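Participant: Here it is: the structure, laid out below.
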Amino acid sequence: STGIDSVSTLYSVSCASPSFCAAVGGGPEEPDNAVIFNGGSWGTPHTIDRSGALATSVSCPSSSFCAAVDEHGHVLTYNGSSWSTPDAVDTNAGLTAVSCPSSSFCAAVDDKGDALTYNGHSWSRPDAVDTNAGLTAVSCPSASFCVAVDERGNKVSYEVPTPTPAVKYESSSSLRVSPHSVRAGAQVHMSGSIARARGGRLICPVGGQVELFSPAFAPSRHEFGGVPTVYAKVARNGSFSARTTIPARRHPGAYRVSGRCSGGNLIVLTTLHVL
């Protein structure tokens, strides 16, 4: 073994490639340190948080992005040259693990059974996904699939289903967002139509709900996998529509808007640009 930090206890390491790794650690009597590997040697430990919170996990999808979490509900991100200041994203629990398949998506879990996600700009509110025990680990190979496990041997999964090919239907589903580009704080109108299966039956029942979810929407008690959700009712002709206001502090960027039958399959995807 090789000593790379003589001050702090290291608890987690993540390697984006053979030429880049990041390790984090710390504790009540130790500073939270991060140590970077450049493919040839490990750098000098760098203190990223002096609050005394234990840095529990780090995930690095590339050499220019890492996310680390601690037991006080803080997240710290690395941009390839420096670490951010601690950001309190979960004030009621300790974060135990984080997984980032890319710089635009991460999932973190805490010791009270909550999960929260990152969209490249901001973190969602904690969402209770396991009411039986605290979550201990999470792994996300993509932004559409994550699996977390808890201290009692249970697993919790998050999955965005792949749209069913339109060839199986007499018509395909549609989703439109108007305006397509909008400034933060403005209202958007979402509308569309439901696909019809062979025989003309709508794949979402008339009077049922379409769940429209996007990281661009305002946080609410209605969420799908930690992503804010707006509901729209299915009309007799298979159409649906809903309006929502984009939060005034939403960061600029491209946000995916997804739609699915309430409790059923994903029906369509589109993109909303926040200016």
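Just so we're on the same page: first chain in the structure tokens is A, next is B, and so on; residues restart at 1 for each chain, and ligands are numbered from 1 in the order they show up.
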With DSSP run on the backbone, what are the strand (DSSP E) residues within region 45-231 of chain A? I'd like them as a ChimeraX atom specification.
Facilitator: /A:46-49,55-62,65-70,74-78,87-88,95-102,105-110,114-118,127-128,135-142,145-150,155-159,169-171,174-178,181-182,187-193,196-197,209-213,223-224,227-231
Participant: Can you list, as a ChimeraX atom specification, every protein, DNA or RNA residue that comes within 10 Å of region 87-98 of chain A when you count only C-alpha atoms, leaving out same-chain residues fewer than 2 positions away?
Facilitator: /A:12,53-60,66-77,84-85,100,106-117,122-126,134-140,148
Participant: To one decimal in Å, tell me the separation between CA of Asp5 (chain A) and CA of Asn38 (chain A).
Facilitator: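 CA of Asn38 (chain A) lies at a distance of 15.5 Å from CA of Asp5 (chain A).
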Participant: Give me the residues near Ser64 (chain A) as an MDAnalysis selection string, where near means some atom within 8 Å (using only C-alpha atoms) and where sequence neighbours in that chain fewer than 5 positions away do not count.
Facilitator: chainID A and resid 78:81
Participant: Keeping N, CA and C atoms for every residue in the selection just given, could you write it to a file as a PDB file, in the first residue's frame?
Facilitator:
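Final output, selection31.pdb:
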```
ATOM      1  N   TYR A  78     -16.279  19.185  -8.486  1.00  0.00           N
ATOM      2  CA  TYR A  78     -14.933  19.451  -8.995  1.00  0.00           C
ATOM      3  C   TYR A  78     -15.044  19.736 -10.484  1.00  0.00           C
ATOM      4  N   ASN A  79     -14.400  20.814 -10.961  1.00  0.00           N
ATOM      5  CA  ASN A  79     -14.528  21.219 -12.365  1.00  0.00           C
ATOM      6  C   ASN A  79     -13.288  20.943 -13.207  1.00  0.00           C
ATOM      7  N   GLY A  80     -12.381  20.165 -12.677  1.00  0.00           N
ATOM      8  CA  GLY A  80     -11.154  19.862 -13.400  1.00  0.00           C
ATOM      9  C   GLY A  80      -9.946  20.575 -12.842  1.00  0.00           C
ATOM     10  N   SER A  81     -10.218  21.616 -12.030  1.00  0.00           N
ATOM     11  CA  SER A  81      -9.098  22.352 -11.440  1.00  0.00           C
ATOM     12  C   SER A  81      -9.336  22.726  -9.982  1.00  0.00           C
TER      13      SER A  81
END
```
Participant: Find the residue from A:Val156, A:Cys261, A:Cys146, A:Leu272 that sits nearest to Ser193 (chain A); use only C-alpha atoms when measuring.
Facilitator: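 Closest to Ser193 (chain A), using only C-alpha atoms: A:Cys261.
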Participant: Which residues come within 7 Å of Ala216 (chain A), counting only C-alpha atoms, excluding same-chain residues fewer than 6 positions away, as a list in words?
Facilitator: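 In the requested format, the answer is Ile246, Arg250 and Tyr255 of chain A.
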Participant: I need the residues from that last selection saved to file as a short mmCIF file (atom, residue, chain, number, x, y, z; two decimals), in the first residue's frame (with all heavy atoms), if you can.
Facilitator:
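part-v4.cif was written with the following content:
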```cif
data_model
loop_
_atom_site.label_atom_id
_atom_site.label_comp_id
_atom_site.auth_asym_id
_atom_site.auth_seq_id
_atom_site.Cartn_x
_atom_site.Cartn_y
_atom_site.Cartn_z
N ILE A 246 -41.96 28.15 -15.02
CA ILE A 246 -40.57 27.78 -14.77
C ILE A 246 -40.03 28.65 -13.63
O ILE A 246 -40.22 29.87 -13.65
CB ILE A 246 -39.70 27.98 -16.03
CG1 ILE A 246 -40.30 27.19 -17.21
CG2 ILE A 246 -38.27 27.54 -15.77
CD1 ILE A 246 -40.45 25.72 -16.97
N ARG A 250 -34.28 29.21 -12.17
CA ARG A 250 -33.81 28.05 -12.93
C ARG A 250 -32.65 28.45 -13.83
O ARG A 250 -32.70 29.46 -14.54
CB ARG A 250 -34.96 27.47 -13.78
CG ARG A 250 -34.60 26.21 -14.53
CD ARG A 250 -34.26 25.08 -13.59
NE ARG A 250 -35.42 24.56 -12.89
CZ ARG A 250 -35.46 24.32 -11.60
NH1 ARG A 250 -34.38 24.57 -10.84
NH2 ARG A 250 -36.54 23.84 -11.02
N TYR A 255 -33.42 21.31 -21.07
CA TYR A 255 -34.00 20.39 -20.10
C TYR A 255 -34.94 19.41 -20.82
O TYR A 255 -35.78 19.81 -21.63
CB TYR A 255 -34.80 21.15 -19.04
CG TYR A 255 -33.97 22.02 -18.13
CD1 TYR A 255 -33.61 23.31 -18.49
CD2 TYR A 255 -33.54 21.54 -16.89
CE1 TYR A 255 -32.84 24.10 -17.65
CE2 TYR A 255 -32.76 22.33 -16.05
CZ TYR A 255 -32.42 23.61 -16.44
OH TYR A 255 -31.67 24.39 -15.60
#
```
Participant: Quick one: of A:Ser220, A:Ser191, A:Asn119, A:Ser51, who's nearest to Pro179 (chain A), counting only C-alpha atoms?
Facilitator: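 Closest to Pro179 (chain A) of all the choices is A:Ser191.
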Participant: Which residues, written as a ChimeraX atom specification, have at least one atom at most 7 Å from Pro228 (chain A), with only C-alpha atoms counted and residues fewer than 6 positions away on the same chain left out?
Facilitator: /A:213-215,217-220,222
Participant: Just write the chosen residues, C-alpha atoms, as a PDB file, in the first residue's frame.
Facilitator:
```pdb
ATOM      1  CA  PHE A 213     -41.895  15.541 -15.667  1.00  0.00           C
ATOM      2  CA  SER A 214     -38.795  17.667 -16.109  1.00  0.00           C
ATOM      3  CA  PRO A 215     -35.920  19.062 -14.005  1.00  0.00           C
ATOM      4  CA  PHE A 217     -40.252  22.453 -13.500  1.00  0.00           C
ATOM      5  CA  ALA A 218     -40.781  23.867 -10.027  1.00  0.00           C
ATOM      6  CA  PRO A 219     -40.298  21.395  -7.134  1.00  0.00           C
ATOM      7  CA  SER A 220     -43.566  20.095  -5.705  1.00  0.00           C
ATOM      8  CA  HIS A 222     -45.677  15.523  -7.089  1.00  0.00           C
TER       9      HIS A 222
END
```
Participant: Name the residues in contact with Val7 (chain A) at a cut-off of 9 Å, using only C-alpha atoms, excluding same-chain residues fewer than 5 positions from it; report them as a PDB file with N, CA and C atoms, in the first residue's frame.
Facilitator:
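Written output follows (result-v7.pdb):
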```pdb
ATOM      1  N   GLY A  26     -12.392  12.228   5.506  1.00  0.00           N
ATOM      2  CA  GLY A  26     -12.421  13.234   6.559  1.00  0.00           C
ATOM      3  C   GLY A  26     -13.110  12.684   7.787  1.00  0.00           C
ATOM      4  N   GLU A  30     -11.051  15.549  11.668  1.00  0.00           N
ATOM      5  CA  GLU A  30     -10.172  15.645  10.511  1.00  0.00           C
ATOM      6  C   GLU A  30     -10.809  16.548   9.456  1.00  0.00           C
ATOM      7  N   PRO A  31     -10.013  17.248   8.666  1.00  0.00           N
ATOM      8  CA  PRO A  31     -10.589  18.021   7.562  1.00  0.00           C
ATOM      9  C   PRO A  31     -11.045  17.092   6.448  1.00  0.00           C
ATOM     10  N   ASN A  33     -10.703  16.035   3.032  1.00  0.00           N
ATOM     11  CA  ASN A  33      -9.680  16.193   2.015  1.00  0.00           C
ATOM     12  C   ASN A  33     -10.064  15.488   0.727  1.00  0.00           C
ATOM     13  N   PRO A  45      -2.938  16.248  -0.710  1.00  0.00           N
ATOM     14  CA  PRO A  45      -4.316  16.345  -0.212  1.00  0.00           C
ATOM     15  C   PRO A  45      -4.762  17.808  -0.110  1.00  0.00           C
TER      16      PRO A  45
END
```
Participant: Write out as a list in words each polymer residue whose atoms come within 10 Å of Ser174 (chain A), counting only C-alpha atoms; drop sequence neighbours fewer than 4 positions from it.
Facilitator: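 Skipping anything fewer than 4 positions along the chain leaves Ser191, Gly192, Ser193, Ile194, Ala195, Ser239, Phe240, Gly259, Ile267, Val268, Leu269 and Thr270 of chain A.
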Participant: Find the distance between CA of Ala128 (chain A) and CA of Leu212 (chain A) and write it in Å to one decimal.
Facilitator: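 Spanning CA of Ala128 (chain A) to CA of Leu212 (chain A) is a straight-line distance of 19.6 Å.
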Participant: Between A:Asn154, A:Thr229, A:Ser17, A:Gln187, which has the minimum distance to Pro247 (chain A) (counting only C-alpha atoms)?
Facilitator: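 Answer, going by the shortest atom-to-atom distance: A:Gln187.
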Participant: CA of His121 (chain A) and CA of Cys15 (chain A), how far apart in Å?
Facilitator: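 Calculated distance between CA of Cys15 (chain A) and CA of His121 (chain A) is 22.5 Å.
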